[in-house]
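Please read the structure below before turning to the comments.
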Amino acid sequence: MSNRDAIVVENLTFQYPDTETPVLKNIHFTLKEGEVLGIIGRTGSGKTTLAMCLNRLVPTVIQGNLEGTISVFGQDISQRSVADMADKVGFVFQEPENQLSQMTVEEEIAFGMGNLGISREEMKYRIQETLKQVGLEGFEKRSPLALSGGQQQRLAIASVMAMRPSIMIMDEPTSMLDPRGKNEVYDVLRKIKTYGMTGVIIDHEVERMASYCDKILVLDDGEVIMFGTPKEVFSELTLLHEMEMNAPQVTELADRLRKELQIDVGSPITVEEAVKAFQIVSIK
Ligand SMILES: Nc1ncnc2c1ncn2[C@@H]1O[C@H](COP(=O)(O)OP(=O)(O)OP(=O)(O)O)[C@@H](O)[C@H]1O
Ligand SMILES: [Mg+2]
């Protein structure tokens, strides 16, 4: 992992024109290149607004008063337009249908690249490359509307990836999908991570996030309540419960075992960690 800062957010405060108080309050965090940040928080806590600040949708398209600074790879983005940011910060939205507008899968991927001045040859190459990356080879001529939800979301991811952004932001990319669709998308995300891409993902899937994310940021009422590794954040059960959130089920189980049965298996955050912890306890 590189030591370069990918995203540095300092003193970020944002207020929509028609609200009385800011929806983001004095936000600070740093994400290194190659890291994936997971943002969690209850509904209305400001997750989407924060994500949209990172690609300038807020405040250039969705307006309001923004204070503080955001730097992407060392550059202050305050003078940038959304178009300007498109090849640096890719954005995948919650509903794939809203992001898909073309007649065929290949046109869909070409569409995003359209404004980047990429040659036809290079476009063809990237279409094949990204279709392979998301497991949609052979679907070139299909209508995006004739794909399953998981396939549509993977296509939306492919369209963004084809622009080769350094940072991928995904706002609840799996919330409209069934378990199979969620697995398909997370499989793709894990692969993207191996390419060393920097990512920001908003999701409620704490089990998946525990193993996928390098850092977790907990937002509540526009404030950063916690920022740290999944281990650090998910072991703060009392704090999470106060905000109506849960840690992964295995972490919750370990906590109950300690409190109710005085069995200490530590604070595993993934099933694999839990199995190891139980092995040690059962040997004793
Ligand atoms: N365009 C807007 N104008 C005014 N207020 C807005 C606008 N968009 C969002 N808000 C308000 O800002 C706050 C944060 O909203 P945001 O969508 O960022 O939250 P969120 O954490 O993404 O919620 P969810 O989990 O429901 O997606 C909410 O109180 C919301 O009502
Ligand atoms: Mg949201």
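To be explicit about the labels: the chains of the structure tokens are called A, B, and onward in the order shown, and within each one the residues are counted from 1, while ligands get numbers from 1 in the order they are shown.
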Counting only C-alpha atoms and all ligand atoms, which protein, DNA or RNA residues come within 10 Å of ligand 1, given as a ChimeraX atom specification? /A:14-24,39-52,58,61-64,94,171-172,202-204,219-222
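Near Thr60 (chain A), within 12 Å and counting only C-alpha atoms, sit Tyr16, Met52, Cys53, Leu54, Asn55, Arg56, Leu57, Val58, Ile62, Gln63, Gly64, Asn65, Leu66, Ile77, Ser78, Gln79, Arg80, Ser81, Val82, Ala83, Asp84 and Met85 of chain A, not including residues fewer than 2 positions from it in the same chain.
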Got time to write the residues from that selection, N, CA, C and O atoms, as a compact mmCIF listing (two decimals), in the first residue's frame?
```txt
# COMPACT_ATOMS: atom_id res chain seq x y z
N TYR A 16 -27.38 22.72 3.36
CA TYR A 16 -28.28 22.92 2.22
C TYR A 16 -28.98 24.26 2.40
O TYR A 16 -29.19 24.70 3.53
N MET A 52 -21.00 12.96 -1.94
CA MET A 52 -21.15 13.86 -3.10
C MET A 52 -20.23 15.08 -3.01
O MET A 52 -19.94 15.72 -4.02
N CYS A 53 -19.78 15.40 -1.81
CA CYS A 53 -18.78 16.48 -1.68
C CYS A 53 -17.45 16.06 -2.31
O CYS A 53 -16.69 16.89 -2.79
N LEU A 54 -17.19 14.75 -2.31
CA LEU A 54 -15.89 14.26 -2.76
C LEU A 54 -15.73 14.33 -4.27
O LEU A 54 -14.61 14.30 -4.78
N ASN A 55 -16.86 14.36 -5.01
CA ASN A 55 -16.71 14.51 -6.47
C ASN A 55 -17.31 15.83 -6.96
O ASN A 55 -17.55 15.99 -8.15
N ARG A 56 -17.60 16.73 -6.01
CA ARG A 56 -18.07 18.08 -6.33
C ARG A 56 -19.51 18.16 -6.81
O ARG A 56 -19.95 19.22 -7.24
N LEU A 57 -20.24 17.03 -6.79
CA LEU A 57 -21.68 17.12 -7.09
C LEU A 57 -22.29 18.10 -6.11
O LEU A 57 -23.12 18.94 -6.46
N VAL A 58 -21.86 17.96 -4.85
CA VAL A 58 -22.12 18.97 -3.82
C VAL A 58 -20.85 19.80 -3.72
O VAL A 58 -19.77 19.23 -3.59
N ILE A 62 -25.70 20.12 -6.75
CA ILE A 62 -26.64 20.19 -5.62
C ILE A 62 -26.04 21.24 -4.68
O ILE A 62 -25.01 21.03 -4.06
N GLN A 63 -26.71 22.41 -4.64
CA GLN A 63 -26.02 23.55 -4.05
C GLN A 63 -26.23 23.73 -2.55
O GLN A 63 -27.13 23.14 -1.96
N GLY A 64 -25.34 24.52 -2.00
CA GLY A 64 -25.39 24.81 -0.59
C GLY A 64 -24.10 25.49 -0.18
O GLY A 64 -23.26 25.79 -1.04
N ASN A 65 -23.96 25.71 1.11
CA ASN A 65 -22.78 26.40 1.59
C ASN A 65 -21.75 25.43 2.15
O ASN A 65 -22.00 24.76 3.15
N LEU A 66 -20.61 25.35 1.47
CA LEU A 66 -19.58 24.41 1.90
C LEU A 66 -18.38 25.17 2.46
O LEU A 66 -17.88 26.11 1.84
N ILE A 77 -9.75 20.60 -4.26
CA ILE A 77 -10.70 20.46 -5.37
C ILE A 77 -11.72 21.60 -5.43
O ILE A 77 -12.65 21.56 -6.25
N SER A 78 -11.54 22.63 -4.60
CA SER A 78 -12.59 23.65 -4.48
C SER A 78 -12.86 24.42 -5.77
O SER A 78 -13.93 24.99 -5.93
N GLN A 79 -11.92 24.42 -6.71
CA GLN A 79 -12.16 25.15 -7.95
C GLN A 79 -12.59 24.22 -9.10
O GLN A 79 -12.77 24.66 -10.23
N ARG A 80 -12.76 22.94 -8.79
CA ARG A 80 -13.06 21.98 -9.86
C ARG A 80 -14.55 21.84 -10.13
O ARG A 80 -15.36 21.99 -9.24
N SER A 81 -14.85 21.48 -11.40
CA SER A 81 -16.24 21.17 -11.75
C SER A 81 -16.42 19.65 -11.65
O SER A 81 -15.44 18.91 -11.55
N VAL A 82 -17.67 19.20 -11.72
CA VAL A 82 -17.93 17.76 -11.66
C VAL A 82 -17.27 17.06 -12.86
O VAL A 82 -16.67 16.00 -12.74
N ALA A 83 -17.40 17.68 -14.04
CA ALA A 83 -16.82 17.10 -15.26
C ALA A 83 -15.31 16.95 -15.11
O ALA A 83 -14.72 15.95 -15.50
N ASP A 84 -14.74 17.95 -14.49
CA ASP A 84 -13.31 17.98 -14.21
C ASP A 84 -12.87 16.82 -13.33
O ASP A 84 -11.75 16.33 -13.41
N MET A 85 -13.77 16.39 -12.48
CA MET A 85 -13.46 15.36 -11.50
C MET A 85 -13.72 13.95 -12.03
O MET A 85 -13.31 12.96 -11.43
```
Using only C-alpha atoms, can you tell me which of A:Ile7, A:Leu136, A:Val72, A:Met170 comes closest to Phe93 (chain A)?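 Ranking A:Ile7, A:Leu136, A:Val72, A:Met170 by distance to Phe93 (chain A), first place goes to A:Met170.
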DSSP alpha helix (DSSP H) residues within region 112-209 of chain A, listed as a PyMOL selection string: chain A and resi 112-113+120-133+149-161+179-194+206-209
Residue with the minimum atom-to-atom distance to Thr238 (chain A), picked from A:Ala86, A:Glu252, A:Leu257, A:Asp5 with only C-alpha atoms counted, is A:Glu252
Rounded to one decimal, what separation in Å do you get between CA of Asp87 (chain A) and CA of Met168 (chain A)?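 Computing it gives 10.1 Å between the two atoms.
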DSSP strand (DSSP E) selection over region 184-267 of chain A, as a ChimeraX atom specification: /A:198-202,215-220,223-228
In terms of the shortest atom-to-atom distance over only C-alpha atoms and all ligand atoms, which of A:Thr194, A:Thr30, A:Thr13, A:Ser175 is closest to ligand 2? A:Ser175
Compare A:Pro248, A:Thr130, A:Glu95, A:Asp178 by their minimum atom-to-atom distance to ligand 2, counting only C-alpha atoms and all ligand atoms, and give me the closest one.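 Smallest distance to ligand 2 is found for A:Glu95.
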Selection near region 270-279 of chain A, 10 Å with only C-alpha atoms, sequence-local residues under 2 positions removed, as a count of residues only: 23
Which residue out of A:Lys88, A:Arg154, A:Arg256, A:Arg120 has the minimum interatomic distance to Asp187 (chain A) when only C-alpha atoms are used? A:Arg154
Contacts of Glu140 (chain A) at 8 Å (only C-alpha atoms; same-chain gap of 5+ positions) as a ChimeraX atom specification: /A:104-106
Just checking: using only C-alpha atoms and all ligand atoms, which residue out of A:Pro59, A:Ser2, A:Gly114, A:Pro173 ends up closest to ligand 2?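 Of all the options, A:Pro173 lies closest to ligand 2.
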Which residues come within 8 Å of Leu177 (chain A), counting only C-alpha atoms, excluding same-chain residues fewer than 3 positions away, as an MDAnalysis selection string? chainID A and resid 149:150 174 180:182
Go ahead and write the selection's residues with N, CA, C and O atoms as a compact mmCIF listing (two decimals), in the first residue's frame.
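Result file is again_35.txt:
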```
# COMPACT_ATOMS: atom_id res chain seq x y z
N GLY A 149 -30.62 -7.40 -11.48
CA GLY A 149 -30.20 -6.26 -10.65
C GLY A 149 -28.71 -6.28 -10.37
O GLY A 149 -28.03 -5.25 -10.48
N GLY A 150 -28.19 -7.45 -10.03
CA GLY A 150 -26.76 -7.57 -9.73
C GLY A 150 -25.92 -7.29 -10.97
O GLY A 150 -24.87 -6.63 -10.89
N THR A 174 -25.38 -2.03 -3.11
CA THR A 174 -26.02 -3.35 -3.05
C THR A 174 -27.36 -3.33 -2.34
O THR A 174 -27.98 -4.38 -2.16
N ARG A 180 -27.77 -12.89 -3.50
CA ARG A 180 -26.91 -13.31 -4.60
C ARG A 180 -26.32 -12.09 -5.32
O ARG A 180 -25.12 -12.04 -5.62
N GLY A 181 -27.17 -11.10 -5.59
CA GLY A 181 -26.71 -9.87 -6.24
C GLY A 181 -25.66 -9.17 -5.38
O GLY A 181 -24.67 -8.66 -5.89
N LYS A 182 -25.91 -9.14 -4.08
CA LYS A 182 -24.94 -8.50 -3.17
C LYS A 182 -23.58 -9.21 -3.27
O LYS A 182 -22.54 -8.57 -3.34
```
Residue neighbourhood Leu145 (chain A), 9 Å, only C-alpha atoms, exclusion window fewer than 3 positions, as a VMD selection string: chain A and resid 97 100 103 to 104 142 148 152
Got time to write the residues from that selection, N, CA and C atoms, as a tab-separated table (two decimals), in the first residue's frame?
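Saved to selection_27.tsv:
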```
chain	number	residue	atom	x	y	z
A	97	GLU	N	-30.57	1.35	-12.35
A	97	GLU	CA	-31.37	1.78	-13.53
A	97	GLU	C	-31.21	3.27	-13.80
A	100	LEU	N	-28.17	3.90	-15.88
A	100	LEU	CA	-28.03	3.26	-17.19
A	100	LEU	C	-28.97	3.93	-18.18
A	103	MET	N	-28.64	1.81	-25.17
A	103	MET	CA	-29.36	0.68	-25.74
A	103	MET	C	-28.67	-0.65	-25.49
A	104	THR	N	-27.34	-0.63	-25.47
A	104	THR	CA	-26.62	-1.89	-25.26
A	104	THR	C	-25.57	-1.73	-24.16
A	142	ARG	N	-26.42	-6.91	-25.39
A	142	ARG	CA	-27.65	-6.96	-24.59
A	142	ARG	C	-28.10	-5.57	-24.16
A	148	SER	N	-30.10	-8.72	-14.83
A	148	SER	CA	-30.58	-8.82	-13.45
A	148	SER	C	-30.08	-7.62	-12.66
A	152	GLN	N	-26.88	-5.42	-13.53
A	152	GLN	CA	-26.98	-3.98	-13.82
A	152	GLN	C	-26.02	-3.19	-12.94
```
Pick out the residues sitting within 12 Å of Arg164 (chain A), and hand them over as a PDB file with all heavy atoms, in the first residue's frame; count only C-alpha atoms, and ignore anything fewer than 5 positions along from it in its own chain.
```pdb
ATOM      1  N   MET A  85     -13.775  16.392 -12.478  1.00  0.00           N
ATOM      2  CA  MET A  85     -13.456  15.357 -11.496  1.00  0.00           C
ATOM      3  C   MET A  85     -13.725  13.949 -12.030  1.00  0.00           C
ATOM      4  O   MET A  85     -13.310  12.961 -11.429  1.00  0.00           O
ATOM      5  CB  MET A  85     -14.308  15.553 -10.223  1.00  0.00           C
ATOM      6  CG  MET A  85     -14.063  16.830  -9.456  1.00  0.00           C
ATOM      7  SD  MET A  85     -12.389  16.947  -8.834  1.00  0.00           S
ATOM      8  CE  MET A  85     -12.421  15.661  -7.572  1.00  0.00           C
ATOM      9  N   ALA A  86     -14.438  13.871 -13.172  1.00  0.00           N
ATOM     10  CA  ALA A  86     -14.962  12.575 -13.624  1.00  0.00           C
ATOM     11  C   ALA A  86     -13.899  11.492 -13.818  1.00  0.00           C
ATOM     12  O   ALA A  86     -14.148  10.328 -13.551  1.00  0.00           O
ATOM     13  CB  ALA A  86     -15.756  12.761 -14.910  1.00  0.00           C
ATOM     14  N   ASP A  87     -12.723  11.884 -14.282  1.00  0.00           N
ATOM     15  CA  ASP A  87     -11.716  10.839 -14.479  1.00  0.00           C
ATOM     16  C   ASP A  87     -10.880  10.603 -13.217  1.00  0.00           C
ATOM     17  O   ASP A  87      -9.993   9.768 -13.213  1.00  0.00           O
ATOM     18  CB  ASP A  87     -10.827  11.162 -15.690  1.00  0.00           C
ATOM     19  CG  ASP A  87     -10.098  12.477 -15.518  1.00  0.00           C
ATOM     20  OD1 ASP A  87     -10.537  13.299 -14.696  1.00  0.00           O
ATOM     21  OD2 ASP A  87      -9.075  12.667 -16.200  1.00  0.00           O
ATOM     22  N   LYS A  88     -11.168  11.351 -12.169  1.00  0.00           N
ATOM     23  CA  LYS A  88     -10.439  11.143 -10.912  1.00  0.00           C
ATOM     24  C   LYS A  88     -11.276  10.409  -9.884  1.00  0.00           C
ATOM     25  O   LYS A  88     -10.817   9.519  -9.191  1.00  0.00           O
ATOM     26  CB  LYS A  88      -9.987  12.488 -10.334  1.00  0.00           C
ATOM     27  CG  LYS A  88      -8.914  13.121 -11.176  1.00  0.00           C
ATOM     28  CD  LYS A  88      -8.612  14.542 -10.775  1.00  0.00           C
ATOM     29  CE  LYS A  88      -7.792  15.201 -11.873  1.00  0.00           C
ATOM     30  NZ  LYS A  88      -8.615  15.424 -13.097  1.00  0.00           N
ATOM     31  N   VAL A  89     -12.536  10.847  -9.801  1.00  0.00           N
ATOM     32  CA  VAL A  89     -13.420  10.263  -8.797  1.00  0.00           C
ATOM     33  C   VAL A  89     -14.667   9.723  -9.486  1.00  0.00           C
ATOM     34  O   VAL A  89     -15.465  10.482 -10.014  1.00  0.00           O
ATOM     35  CB  VAL A  89     -13.823  11.325  -7.748  1.00  0.00           C
ATOM     36  CG1 VAL A  89     -14.702  10.704  -6.680  1.00  0.00           C
ATOM     37  CG2 VAL A  89     -12.582  11.947  -7.110  1.00  0.00           C
ATOM     38  N   GLY A  90     -14.817   8.403  -9.508  1.00  0.00           N
ATOM     39  CA  GLY A  90     -16.001   7.795 -10.116  1.00  0.00           C
ATOM     40  C   GLY A  90     -17.079   7.608  -9.072  1.00  0.00           C
ATOM     41  O   GLY A  90     -16.787   7.413  -7.891  1.00  0.00           O
ATOM     42  N   PHE A  91     -18.337   7.674  -9.502  1.00  0.00           N
ATOM     43  CA  PHE A  91     -19.439   7.594  -8.549  1.00  0.00           C
ATOM     44  C   PHE A  91     -20.464   6.569  -9.022  1.00  0.00           C
ATOM     45  O   PHE A  91     -20.968   6.666 -10.127  1.00  0.00           O
ATOM     46  CB  PHE A  91     -20.095   8.978  -8.420  1.00  0.00           C
ATOM     47  CG  PHE A  91     -20.799   9.210  -7.117  1.00  0.00           C
ATOM     48  CD1 PHE A  91     -20.259  10.044  -6.144  1.00  0.00           C
ATOM     49  CD2 PHE A  91     -22.016   8.590  -6.843  1.00  0.00           C
ATOM     50  CE1 PHE A  91     -20.903  10.263  -4.934  1.00  0.00           C
ATOM     51  CE2 PHE A  91     -22.668   8.799  -5.626  1.00  0.00           C
ATOM     52  CZ  PHE A  91     -22.113   9.645  -4.673  1.00  0.00           C
ATOM     53  N   ILE A 109     -20.998   1.403 -21.556  1.00  0.00           N
ATOM     54  CA  ILE A 109     -19.638   1.612 -21.046  1.00  0.00           C
ATOM     55  C   ILE A 109     -18.928   2.707 -21.844  1.00  0.00           C
ATOM     56  O   ILE A 109     -18.211   3.531 -21.289  1.00  0.00           O
ATOM     57  CB  ILE A 109     -18.836   0.290 -21.070  1.00  0.00           C
ATOM     58  CG1 ILE A 109     -19.539  -0.730 -20.172  1.00  0.00           C
ATOM     59  CG2 ILE A 109     -17.397   0.514 -20.592  1.00  0.00           C
ATOM     60  CD1 ILE A 109     -18.896  -2.075 -20.126  1.00  0.00           C
ATOM     61  N   GLY A 112     -19.798   6.702 -20.791  1.00  0.00           N
ATOM     62  CA  GLY A 112     -19.058   7.411 -19.739  1.00  0.00           C
ATOM     63  C   GLY A 112     -17.712   7.922 -20.239  1.00  0.00           C
ATOM     64  O   GLY A 112     -17.238   8.981 -19.831  1.00  0.00           O
ATOM     65  N   MET A 113     -17.109   7.143 -21.152  1.00  0.00           N
ATOM     66  CA  MET A 113     -15.781   7.525 -21.659  1.00  0.00           C
ATOM     67  C   MET A 113     -15.888   8.635 -22.706  1.00  0.00           C
ATOM     68  O   MET A 113     -14.889   9.259 -23.060  1.00  0.00           O
ATOM     69  CB  MET A 113     -15.089   6.304 -22.297  1.00  0.00           C
ATOM     70  CG  MET A 113     -14.683   5.244 -21.303  1.00  0.00           C
ATOM     71  SD  MET A 113     -13.717   3.931 -22.102  1.00  0.00           S
ATOM     72  CE  MET A 113     -14.995   2.916 -22.823  1.00  0.00           C
ATOM     73  N   LEU A 116     -14.160  11.983 -22.380  1.00  0.00           N
ATOM     74  CA  LEU A 116     -12.769  12.005 -21.892  1.00  0.00           C
ATOM     75  C   LEU A 116     -11.749  12.081 -23.023  1.00  0.00           C
ATOM     76  O   LEU A 116     -10.549  12.069 -22.785  1.00  0.00           O
ATOM     77  CB  LEU A 116     -12.485  10.778 -21.021  1.00  0.00           C
ATOM     78  CG  LEU A 116     -13.339  10.625 -19.752  1.00  0.00           C
ATOM     79  CD1 LEU A 116     -12.940   9.358 -18.999  1.00  0.00           C
ATOM     80  CD2 LEU A 116     -13.212  11.831 -18.848  1.00  0.00           C
ATOM     81  N   ILE A 118     -11.132   9.852 -25.423  1.00  0.00           N
ATOM     82  CA  ILE A 118     -10.423   8.583 -25.588  1.00  0.00           C
ATOM     83  C   ILE A 118     -10.644   8.062 -27.012  1.00  0.00           C
ATOM     84  O   ILE A 118     -11.756   8.147 -27.548  1.00  0.00           O
ATOM     85  CB  ILE A 118     -10.963   7.551 -24.559  1.00  0.00           C
ATOM     86  CG1 ILE A 118     -10.687   8.055 -23.137  1.00  0.00           C
ATOM     87  CG2 ILE A 118     -10.358   6.181 -24.770  1.00  0.00           C
ATOM     88  CD1 ILE A 118     -11.439   7.303 -22.072  1.00  0.00           C
ATOM     89  N   MET A 123     -11.165   2.780 -26.468  1.00  0.00           N
ATOM     90  CA  MET A 123     -12.492   2.503 -25.907  1.00  0.00           C
ATOM     91  C   MET A 123     -12.835   1.029 -26.033  1.00  0.00           C
ATOM     92  O   MET A 123     -13.298   0.410 -25.083  1.00  0.00           O
ATOM     93  CB  MET A 123     -13.551   3.318 -26.645  1.00  0.00           C
ATOM     94  CG  MET A 123     -13.760   4.687 -26.092  1.00  0.00           C
ATOM     95  SD  MET A 123     -15.383   5.262 -26.632  1.00  0.00           S
ATOM     96  CE  MET A 123     -15.223   6.994 -26.321  1.00  0.00           C
ATOM     97  N   ARG A 126     -10.939  -0.947 -23.565  1.00  0.00           N
ATOM     98  CA  ARG A 126     -11.424  -0.790 -22.189  1.00  0.00           C
ATOM     99  C   ARG A 126     -12.774  -1.456 -21.956  1.00  0.00           C
ATOM    100  O   ARG A 126     -13.068  -1.935 -20.870  1.00  0.00           O
ATOM    101  CB  ARG A 126     -11.517   0.695 -21.825  1.00  0.00           C
ATOM    102  CG  ARG A 126     -10.156   1.348 -21.698  1.00  0.00           C
ATOM    103  CD  ARG A 126     -10.305   2.647 -20.955  1.00  0.00           C
ATOM    104  NE  ARG A 126      -9.130   3.487 -21.077  1.00  0.00           N
ATOM    105  CZ  ARG A 126      -9.019   4.672 -20.504  1.00  0.00           C
ATOM    106  NH1 ARG A 126     -10.016   5.161 -19.792  1.00  0.00           N
ATOM    107  NH2 ARG A 126      -7.924   5.389 -20.636  1.00  0.00           N
ATOM    108  N   ILE A 127     -13.635  -1.460 -23.008  1.00  0.00           N
ATOM    109  CA  ILE A 127     -14.935  -2.121 -22.868  1.00  0.00           C
ATOM    110  C   ILE A 127     -14.724  -3.608 -22.569  1.00  0.00           C
ATOM    111  O   ILE A 127     -15.297  -4.159 -21.632  1.00  0.00           O
ATOM    112  CB  ILE A 127     -15.792  -1.936 -24.144  1.00  0.00           C
ATOM    113  CG1 ILE A 127     -16.271  -0.481 -24.235  1.00  0.00           C
ATOM    114  CG2 ILE A 127     -16.987  -2.888 -24.150  1.00  0.00           C
ATOM    115  CD1 ILE A 127     -16.906  -0.105 -25.564  1.00  0.00           C
ATOM    116  N   GLU A 129     -12.011  -5.031 -21.445  1.00  0.00           N
ATOM    117  CA  GLU A 129     -11.298  -5.178 -20.171  1.00  0.00           C
ATOM    118  C   GLU A 129     -12.260  -5.094 -18.982  1.00  0.00           C
ATOM    119  O   GLU A 129     -12.261  -5.958 -18.107  1.00  0.00           O
ATOM    120  CB  GLU A 129     -10.239  -4.067 -20.059  1.00  0.00           C
ATOM    121  CG  GLU A 129      -9.445  -4.094 -18.776  1.00  0.00           C
ATOM    122  CD  GLU A 129      -8.612  -2.822 -18.603  1.00  0.00           C
ATOM    123  OE1 GLU A 129      -9.192  -1.717 -18.594  1.00  0.00           O
ATOM    124  OE2 GLU A 129      -7.392  -2.944 -18.478  1.00  0.00           O
ATOM    125  N   THR A 130     -13.113  -4.049 -18.993  1.00  0.00           N
ATOM    126  CA  THR A 130     -13.989  -3.874 -17.826  1.00  0.00           C
ATOM    127  C   THR A 130     -15.085  -4.935 -17.789  1.00  0.00           C
ATOM    128  O   THR A 130     -15.471  -5.378 -16.718  1.00  0.00           O
ATOM    129  CB  THR A 130     -14.629  -2.465 -17.781  1.00  0.00           C
ATOM    130  OG1 THR A 130     -15.192  -2.177 -19.049  1.00  0.00           O
ATOM    131  CG2 THR A 130     -13.620  -1.420 -17.423  1.00  0.00           C
ATOM    132  N   ILE A 157     -20.856  -0.265 -12.400  1.00  0.00           N
ATOM    133  CA  ILE A 157     -19.480  -0.218 -11.885  1.00  0.00           C
ATOM    134  C   ILE A 157     -18.484  -0.239 -13.054  1.00  0.00           C
ATOM    135  O   ILE A 157     -17.513   0.521 -13.084  1.00  0.00           O
ATOM    136  CB  ILE A 157     -19.222  -1.390 -10.909  1.00  0.00           C
ATOM    137  CG1 ILE A 157     -20.057  -1.187  -9.633  1.00  0.00           C
ATOM    138  CG2 ILE A 157     -17.735  -1.517 -10.563  1.00  0.00           C
ATOM    139  CD1 ILE A 157     -20.079  -2.387  -8.696  1.00  0.00           C
ATOM    140  N   ALA A 158     -18.766  -1.107 -14.054  1.00  0.00           N
ATOM    141  CA  ALA A 158     -17.879  -1.202 -15.218  1.00  0.00           C
ATOM    142  C   ALA A 158     -17.807   0.135 -15.960  1.00  0.00           C
ATOM    143  O   ALA A 158     -16.733   0.558 -16.395  1.00  0.00           O
ATOM    144  CB  ALA A 158     -18.365  -2.302 -16.162  1.00  0.00           C
ATOM    145  N   SER A 159     -18.959   0.811 -16.093  1.00  0.00           N
ATOM    146  CA  SER A 159     -18.977   2.093 -16.821  1.00  0.00           C
ATOM    147  C   SER A 159     -18.107   3.115 -16.119  1.00  0.00           C
ATOM    148  O   SER A 159     -17.436   3.931 -16.763  1.00  0.00           O
ATOM    149  CB  SER A 159     -20.395   2.662 -16.914  1.00  0.00           C
ATOM    150  OG  SER A 159     -21.297   1.670 -17.237  1.00  0.00           O
ATOM    151  N   ILE A 192     -11.575  -5.225  -7.551  1.00  0.00           N
ATOM    152  CA  ILE A 192     -11.134  -3.848  -7.785  1.00  0.00           C
ATOM    153  C   ILE A 192     -10.071  -3.472  -6.765  1.00  0.00           C
ATOM    154  O   ILE A 192      -9.085  -2.819  -7.064  1.00  0.00           O
ATOM    155  CB  ILE A 192     -12.312  -2.862  -7.641  1.00  0.00           C
ATOM    156  CG1 ILE A 192     -13.325  -3.089  -8.743  1.00  0.00           C
ATOM    157  CG2 ILE A 192     -11.814  -1.420  -7.688  1.00  0.00           C
ATOM    158  CD1 ILE A 192     -14.547  -2.201  -8.607  1.00  0.00           C
ATOM    159  N   TYR A 195      -6.602  -4.225  -7.502  1.00  0.00           N
ATOM    160  CA  TYR A 195      -5.918  -3.347  -8.477  1.00  0.00           C
ATOM    161  C   TYR A 195      -5.317  -2.130  -7.792  1.00  0.00           C
ATOM    162  O   TYR A 195      -4.721  -1.274  -8.447  1.00  0.00           O
ATOM    163  CB  TYR A 195      -6.870  -2.834  -9.563  1.00  0.00           C
ATOM    164  CG  TYR A 195      -7.602  -3.897 -10.325  1.00  0.00           C
ATOM    165  CD1 TYR A 195      -8.892  -3.668 -10.804  1.00  0.00           C
ATOM    166  CD2 TYR A 195      -7.014  -5.137 -10.578  1.00  0.00           C
ATOM    167  CE1 TYR A 195      -9.584  -4.645 -11.496  1.00  0.00           C
ATOM    168  CE2 TYR A 195      -7.702  -6.114 -11.266  1.00  0.00           C
ATOM    169  CZ  TYR A 195      -8.979  -5.865 -11.714  1.00  0.00           C
ATOM    170  OH  TYR A 195      -9.665  -6.829 -12.391  1.00  0.00           O
ATOM    171  N   GLY A 196      -5.530  -2.008  -6.488  1.00  0.00           N
ATOM    172  CA  GLY A 196      -4.938  -0.884  -5.765  1.00  0.00           C
ATOM    173  C   GLY A 196      -5.743   0.398  -5.860  1.00  0.00           C
ATOM    174  O   GLY A 196      -5.270   1.487  -5.549  1.00  0.00           O
ATOM    175  N   MET A 197      -7.010   0.263  -6.285  1.00  0.00           N
ATOM    176  CA  MET A 197      -7.853   1.447  -6.380  1.00  0.00           C
ATOM    177  C   MET A 197      -8.260   1.912  -4.978  1.00  0.00           C
ATOM    178  O   MET A 197      -8.427   1.103  -4.077  1.00  0.00           O
ATOM    179  CB  MET A 197      -9.111   1.058  -7.138  1.00  0.00           C
ATOM    180  CG  MET A 197      -9.402   1.929  -8.299  1.00  0.00           C
ATOM    181  SD  MET A 197     -10.739   1.159  -9.199  1.00  0.00           S
ATOM    182  CE  MET A 197     -11.007   2.428 -10.368  1.00  0.00           C
ATOM    183  N   THR A 198      -8.446   3.209  -4.833  1.00  0.00           N
ATOM    184  CA  THR A 198      -8.925   3.749  -3.576  1.00  0.00           C
ATOM    185  C   THR A 198     -10.449   3.776  -3.631  1.00  0.00           C
ATOM    186  O   THR A 198     -11.011   4.108  -4.676  1.00  0.00           O
ATOM    187  CB  THR A 198      -8.372   5.181  -3.395  1.00  0.00           C
ATOM    188  OG1 THR A 198      -6.948   5.118  -3.546  1.00  0.00           O
ATOM    189  CG2 THR A 198      -8.714   5.743  -2.025  1.00  0.00           C
TER     190      THR A 198
END
```
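The gap separating CA of Leu37 (chain A) from CA of Val92 (chain A) is 14.7 Å, in Å to one decimal.
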